[in-house]
Amino acid sequence: MELTRYFKPFLLILTLAFSVNFALDFGKDLNAGSTYLFANGTPIGGDFINLHTAGRLVVSGEIGTIYDPDAFMAFEQTMTGKPIGVRLWAYPPHSLLAAWPFGLTGYQAGLVLWSVLGVIVLTLGARRLGCDWWETGILVLSPAALQCIYYGQTGNFFTGLLLLALATKRPADPISAVSAALLTMKPQTGFLLPLLWLMQGRWRLILITAALTIALVLVAILVFGVQPWVDYAGKALPLLSELEKYGSGPFMLMIPSVFMSLRVLGVPGDPALYLHLGFAALVLIALAIGLRRSKDPLNQAALLLLGTALATPYLHSYDLRILLCGARLVFRGADAASRRAGA
């Protein structure tokens with residue numbers, strides 16, 4: 001008997017029940033809020049307000065404001081009418097090539113469009129990687145995926161790109177290459193792909209992805225100039241690092257990494273990060289050994305997904321679809337082994 005014969009339907013029922021409860025609560029919050037804010041003063045769609053703001057600034061030609069955190073937050077306050085906490089655009093400047101269309105829409109319409117786009121890309125990635133419709137439904141309706149919608153986060157979109165990149169069909173697969181190049185807009189999601197492709201000897205795919213990434217960066221420089229890259233490195237990244245290492249608040253309980261777990265336990269930011277990097281090095285060694293020993297592409301994909309979830313210090317609760325998909329591939333391997341044993 002397959003291990004997941006009854007487990008998948010049961011898990012899908014649980015995710016559907018959670019989805020209904022999520023929709024009801026989200027609807028109540030929307031009815032009590034305004035265009036931009038819930039009744040409690042937090043932005044509707046959480047961090048989507050940063051994407052919308054970045055898009056509006058690109059459209060209005062105020063590129064210099066995007067990577068100046070103080071100016072960025074001041075602009076957001078003109079939209080919301082009140083402070084909404086520390087906000088910044090934390091993605092590299094070539095991400096603005098994808099962000100600008102969301103400056104052309106209304107706020108809530110853009111949030112709906114962004115949420116639907118994330119679900120579509122996640123669905124396409126799951127299906128391309130070989131997930132059946134049961135598994136895809138579980139992934140798309142998982143608490144992590146719905147949290148991603150609630151917080152307006154990029155996780156559904158970039159997890160979908162990671163799955164699309166992993167499902168390589170041929171030596172120079174264009175879908176994998178394009179997806180991997182786009183993942184450089186959020187490098188902590190796809191940073192292990194080069195290791196996998198090196199172990200698999202996919203040199204053409206690596207070269208094509210590198211060429212596409214360079215092209216994206218060059219186009220961004222031609223369109224927006226060099227200064228956004230200077231400001232990103234000199235203003236946005238230092239503030240982001242400071243917040244992660246020394247900031248406090250509810251966000252700390254949303255990051256289930258070794259790094260943030262140590263911080264929650266009282267370890268200072270820098271030692272916590274160094275300890276996490278030591279742990280991540282062990283994960284990468286184990287991953288490299290596992291990839292070398294395994295010849296099954298799906299098993300290798302599972303190893304990479306699990307390794308990504310363990311190695312990155314900035315994994316959030318709404319990024320746990322990565323872990324869920326990796327676990328599902330492990331279950332699939334166990335099913336196959338069970339069938340072979342029973343044959």
# chains A, B, ... in the order shown; residues from 1 in each chain; ligands from 1
>>> residues_around(residues="region 44-46 of chain A", least_positions_apart="3", cutoff="12 Å", atoms="only C-alpha atoms", output="ChimeraX atom specification")
/A:26-41,49-52,80,84-85,87,107-115,146-154
>>> write_last_selection(atoms="N, CA and C atoms", output="compact mmCIF listing (two decimals), in the first residue's frame")
# COMPACT_ATOMS: atom_id res chain seq x y z
N PHE A 26 -9.56 37.00 6.72
CA PHE A 26 -9.01 38.03 5.84
C PHE A 26 -10.13 38.98 5.40
N GLY A 27 -11.30 38.41 5.08
CA GLY A 27 -12.44 39.24 4.68
C GLY A 27 -12.87 40.20 5.77
N LYS A 28 -12.91 39.72 7.01
CA LYS A 28 -13.27 40.59 8.13
C LYS A 28 -12.27 41.73 8.28
N ASP A 29 -10.99 41.40 8.17
CA ASP A 29 -9.96 42.43 8.30
C ASP A 29 -10.08 43.48 7.20
N LEU A 30 -10.38 43.02 5.97
CA LEU A 30 -10.51 43.95 4.86
C LEU A 30 -11.68 44.90 5.07
N ASN A 31 -12.81 44.38 5.54
CA ASN A 31 -14.00 45.20 5.73
C ASN A 31 -13.79 46.27 6.80
N ALA A 32 -12.91 45.98 7.76
CA ALA A 32 -12.68 46.93 8.85
C ALA A 32 -11.60 47.94 8.55
N GLY A 33 -10.93 47.80 7.40
CA GLY A 33 -9.79 48.65 7.10
C GLY A 33 -10.09 49.73 6.08
N SER A 34 -9.01 50.33 5.55
CA SER A 34 -9.11 51.36 4.52
C SER A 34 -8.46 50.84 3.24
N THR A 35 -8.13 51.75 2.32
CA THR A 35 -7.51 51.31 1.07
C THR A 35 -6.18 50.62 1.31
N TYR A 36 -5.37 51.19 2.20
CA TYR A 36 -4.02 50.68 2.41
C TYR A 36 -3.86 49.88 3.71
N LEU A 37 -4.66 50.19 4.72
CA LEU A 37 -4.39 49.67 6.06
C LEU A 37 -5.55 48.87 6.62
N PHE A 38 -5.20 47.82 7.38
CA PHE A 38 -6.18 47.16 8.23
C PHE A 38 -6.56 48.10 9.37
N ALA A 39 -7.59 47.73 10.12
CA ALA A 39 -8.04 48.57 11.23
C ALA A 39 -6.95 48.74 12.29
N ASN A 40 -6.05 47.77 12.41
CA ASN A 40 -4.98 47.87 13.43
C ASN A 40 -3.79 48.71 12.97
N GLY A 41 -3.86 49.28 11.75
CA GLY A 41 -2.82 50.17 11.27
C GLY A 41 -1.72 49.51 10.46
N ILE A 49 2.95 46.48 0.09
CA ILE A 49 3.03 47.94 -0.01
C ILE A 49 4.41 48.38 -0.49
N ASN A 50 5.45 47.59 -0.19
CA ASN A 50 6.79 47.92 -0.68
C ASN A 50 6.89 47.72 -2.19
N LEU A 51 6.31 46.63 -2.69
CA LEU A 51 6.30 46.38 -4.13
C LEU A 51 5.52 47.48 -4.86
N HIS A 52 4.35 47.82 -4.33
CA HIS A 52 3.54 48.87 -4.94
C HIS A 52 4.27 50.21 -4.91
N THR A 80 -0.30 56.31 3.10
CA THR A 80 -1.10 55.72 4.17
C THR A 80 -1.61 56.75 5.16
N ILE A 84 4.08 53.35 9.29
CA ILE A 84 3.77 51.91 9.27
C ILE A 84 4.99 51.07 9.62
N GLY A 85 5.92 51.66 10.36
CA GLY A 85 7.09 50.91 10.78
C GLY A 85 8.21 50.98 9.75
N ARG A 87 10.31 50.12 6.76
CA ARG A 87 10.04 49.51 5.45
C ARG A 87 11.18 49.84 4.51
N TYR A 107 -4.02 50.00 -5.49
CA TYR A 107 -3.33 49.20 -4.48
C TYR A 107 -3.94 47.81 -4.32
N GLN A 108 -5.22 47.73 -4.04
CA GLN A 108 -5.84 46.43 -3.78
C GLN A 108 -5.94 45.60 -5.06
N ALA A 109 -6.16 46.25 -6.21
CA ALA A 109 -6.17 45.52 -7.48
C ALA A 109 -4.79 44.91 -7.75
N GLY A 110 -3.74 45.68 -7.45
CA GLY A 110 -2.39 45.16 -7.63
C GLY A 110 -2.10 44.00 -6.70
N LEU A 111 -2.60 44.07 -5.47
CA LEU A 111 -2.41 42.97 -4.53
C LEU A 111 -3.07 41.70 -5.03
N VAL A 112 -4.28 41.82 -5.57
CA VAL A 112 -4.97 40.65 -6.13
C VAL A 112 -4.17 40.09 -7.30
N LEU A 113 -3.72 40.97 -8.19
CA LEU A 113 -2.93 40.53 -9.34
C LEU A 113 -1.66 39.83 -8.90
N TRP A 114 -0.96 40.38 -7.92
CA TRP A 114 0.28 39.79 -7.42
C TRP A 114 0.02 38.43 -6.77
N SER A 115 -1.06 38.33 -6.01
CA SER A 115 -1.39 37.07 -5.35
C SER A 115 -1.71 35.99 -6.36
N LEU A 146 -0.74 30.56 1.90
CA LEU A 146 -1.75 31.55 2.24
C LEU A 146 -1.17 32.69 3.08
N GLN A 147 -0.21 32.36 3.95
CA GLN A 147 0.50 33.42 4.68
C GLN A 147 1.21 34.35 3.71
N CYS A 148 1.74 33.78 2.65
CA CYS A 148 2.44 34.58 1.65
C CYS A 148 1.48 35.60 1.03
N ILE A 149 0.23 35.17 0.80
CA ILE A 149 -0.78 36.09 0.27
C ILE A 149 -1.12 37.16 1.30
N TYR A 150 -1.31 36.74 2.55
CA TYR A 150 -1.69 37.67 3.61
C TYR A 150 -0.62 38.74 3.80
N TYR A 151 0.64 38.32 3.74
CA TYR A 151 1.75 39.26 3.95
C TYR A 151 2.26 39.87 2.64
N GLY A 152 1.58 39.59 1.52
CA GLY A 152 1.97 40.18 0.25
C GLY A 152 3.38 39.85 -0.16
N GLN A 153 3.85 38.68 0.24
CA GLN A 153 5.26 38.33 0.06
C GLN A 153 5.54 37.72 -1.32
N THR A 154 6.82 37.58 -1.60
CA THR A 154 7.26 37.08 -2.91
C THR A 154 7.44 35.56 -2.93
>>> closest_atom_pairs(of="region 51-170 of chain A", to="region 287-305 of chain A", cutoff="9 Å", atoms="only C-alpha atoms", output="tab-separated table")
residue	atom	partner	partner_atom	distance
A:Leu129	CA	A:Leu298	CA	8.0
A:Gly130	CA	A:Leu298	CA	8.8
A:Leu162	CA	A:Leu305	CA	8.9
A:Leu163	CA	A:Ala301	CA	8.6
A:Leu166	CA	A:Ala301	CA	6.4
A:Ala167	CA	A:Ala301	CA	8.2
A:Thr168	CA	A:Pro297	CA	8.8
>>> write_last_selection(atoms="all heavy atoms", output="mmCIF file, in the first residue's frame")
data_model
loop_
_atom_site.group_PDB
_atom_site.id
_atom_site.type_symbol
_atom_site.label_atom_id
_atom_site.label_comp_id
_atom_site.auth_asym_id
_atom_site.auth_seq_id
_atom_site.Cartn_x
_atom_site.Cartn_y
_atom_site.Cartn_z
ATOM 1 N N LEU A 129 7.399 19.920 -12.025
ATOM 2 C CA LEU A 129 8.287 19.050 -11.262
ATOM 3 C C LEU A 129 7.688 17.655 -11.070
ATOM 4 O O LEU A 129 8.341 16.759 -10.550
ATOM 5 C CB LEU A 129 8.594 19.681 -9.898
ATOM 6 C CG LEU A 129 9.753 19.087 -9.099
ATOM 7 C CD1 LEU A 129 11.070 19.190 -9.879
ATOM 8 C CD2 LEU A 129 9.898 19.790 -7.757
ATOM 9 N N GLY A 130 6.447 17.469 -11.484
ATOM 10 C CA GLY A 130 5.843 16.143 -11.422
ATOM 11 C C GLY A 130 4.831 15.946 -10.320
ATOM 12 O O GLY A 130 4.369 14.818 -10.101
ATOM 13 N N LEU A 162 11.726 28.420 -8.523
ATOM 14 C CA LEU A 162 12.700 27.403 -8.126
ATOM 15 C C LEU A 162 12.273 26.021 -8.618
ATOM 16 O O LEU A 162 13.097 25.253 -9.128
ATOM 17 C CB LEU A 162 12.862 27.398 -6.601
ATOM 18 C CG LEU A 162 13.806 26.352 -6.009
ATOM 19 C CD1 LEU A 162 15.214 26.497 -6.579
ATOM 20 C CD2 LEU A 162 13.835 26.461 -4.490
ATOM 21 N N LEU A 163 10.991 25.703 -8.487
ATOM 22 C CA LEU A 163 10.487 24.406 -8.952
ATOM 23 C C LEU A 163 10.588 24.316 -10.471
ATOM 24 O O LEU A 163 10.941 23.255 -11.014
ATOM 25 C CB LEU A 163 9.046 24.202 -8.497
ATOM 26 C CG LEU A 163 8.801 24.219 -6.979
ATOM 27 C CD1 LEU A 163 7.334 23.938 -6.677
ATOM 28 C CD2 LEU A 163 9.702 23.231 -6.257
ATOM 29 N N LEU A 166 14.184 23.615 -11.283
ATOM 30 C CA LEU A 166 14.609 22.265 -10.912
ATOM 31 C C LEU A 166 14.134 21.209 -11.911
ATOM 32 O O LEU A 166 14.795 20.186 -12.097
ATOM 33 C CB LEU A 166 14.060 21.915 -9.525
ATOM 34 C CG LEU A 166 14.802 22.498 -8.328
ATOM 35 C CD1 LEU A 166 14.040 22.206 -7.044
ATOM 36 C CD2 LEU A 166 16.207 21.917 -8.238
ATOM 37 N N ALA A 167 12.997 21.463 -12.535
ATOM 38 C CA ALA A 167 12.415 20.461 -13.445
ATOM 39 C C ALA A 167 13.038 20.585 -14.828
ATOM 40 O O ALA A 167 12.379 20.922 -15.811
ATOM 41 C CB ALA A 167 10.900 20.644 -13.512
ATOM 42 N N THR A 168 14.329 20.330 -14.902
ATOM 43 C CA THR A 168 15.059 20.464 -16.158
ATOM 44 C C THR A 168 14.735 19.295 -17.082
ATOM 45 O O THR A 168 14.896 18.135 -16.709
ATOM 46 C CB THR A 168 16.572 20.517 -15.893
ATOM 47 O OG1 THR A 168 16.833 21.550 -14.945
ATOM 48 C CG2 THR A 168 17.339 20.786 -17.166
#
>>> select_by_dssp(residues="region 109-262 of chain A", states="alpha helix (DSSP H)", output="PyMOL selection string")
chain A and resi 109-128+133-140+143-150+155-166+174-183+187-190+193-200+203-224+227-231+237-246+258-262
>>> residues_around(residues="Leu205 (chain A)", least_positions_apart="3", cutoff="10 Å", atoms="only C-alpha atoms", output="PDB file with C-alpha atoms, in the first residue's frame")
ATOM      1  CA  THR A 168      15.059  20.464 -16.158  1.00  0.00           C
ATOM      2  CA  ARG A 170      16.886  18.909 -21.508  1.00  0.00           C
ATOM      3  CA  PRO A 171      20.511  20.101 -21.412  1.00  0.00           C
ATOM      4  CA  ALA A 172      19.736  23.718 -22.354  1.00  0.00           C
ATOM      5  CA  ASP A 173      16.183  23.941 -21.029  1.00  0.00           C
ATOM      6  CA  PRO A 174      15.034  27.559 -21.610  1.00  0.00           C
ATOM      7  CA  SER A 176      14.915  26.358 -16.298  1.00  0.00           C
ATOM      8  CA  ALA A 177      17.409  28.995 -17.438  1.00  0.00           C
ATOM      9  CA  VAL A 178      14.917  31.881 -17.435  1.00  0.00           C
ATOM     10  CA  ALA A 180      17.001  30.597 -12.535  1.00  0.00           C
ATOM     11  CA  PRO A 194      24.571  26.286  -9.232  1.00  0.00           C
ATOM     12  CA  TRP A 197      23.902  21.914 -11.876  1.00  0.00           C
ATOM     13  CA  LEU A 198      27.646  21.643 -11.290  1.00  0.00           C
ATOM     14  CA  GLY A 201      27.433  18.630 -15.270  1.00  0.00           C
ATOM     15  CA  ARG A 202      24.851  20.986 -16.804  1.00  0.00           C
ATOM     16  CA  ILE A 208      22.856  30.326 -20.511  1.00  0.00           C
ATOM     17  CA  THR A 209      21.586  31.291 -17.034  1.00  0.00           C
ATOM     18  CA  ALA A 210      24.692  33.403 -16.404  1.00  0.00           C
ATOM     19  CA  ALA A 211      24.225  35.165 -19.767  1.00  0.00           C
TER      20      ALA A 211
END
>>> atom_distance(atom1="CA of Gly225 (chain A)", atom2="CA of Gly61 (chain A)")
11.8 Å
>>> closest_residue(among="A:Phe251, A:Trp203, A:Phe157, A:Phe279", to="Ile322 (chain A)", atoms="only C-alpha atoms")
A:Phe157
>>> closest_residue(among="A:Glu244, A:Leu196, A:Lys82, A:Gly249", to="Leu273 (chain A)", atoms="only C-alpha atoms")
A:Glu244
>>> closest_residue(among="A:Val59, A:Val258, A:Tyr232, A:Leu141", to="Val283 (chain A)", atoms="only C-alpha atoms")
A:Val258
>>> closest_residue(among="A:Phe158, A:Tyr246, A:Trp89, A:Tyr314", to="Gly269 (chain A)", atoms="only C-alpha atoms")
A:Tyr246
>>> closest_residue(among="A:Gly155, A:Pro268, A:Leu240, A:Val116", to="Gly190 (chain A)", atoms="only C-alpha atoms")
A:Gly155
>>> atom_distance(atom1="CA of Thr65 (chain A)", atom2="CA of Pro43 (chain A)")
20.0 Å
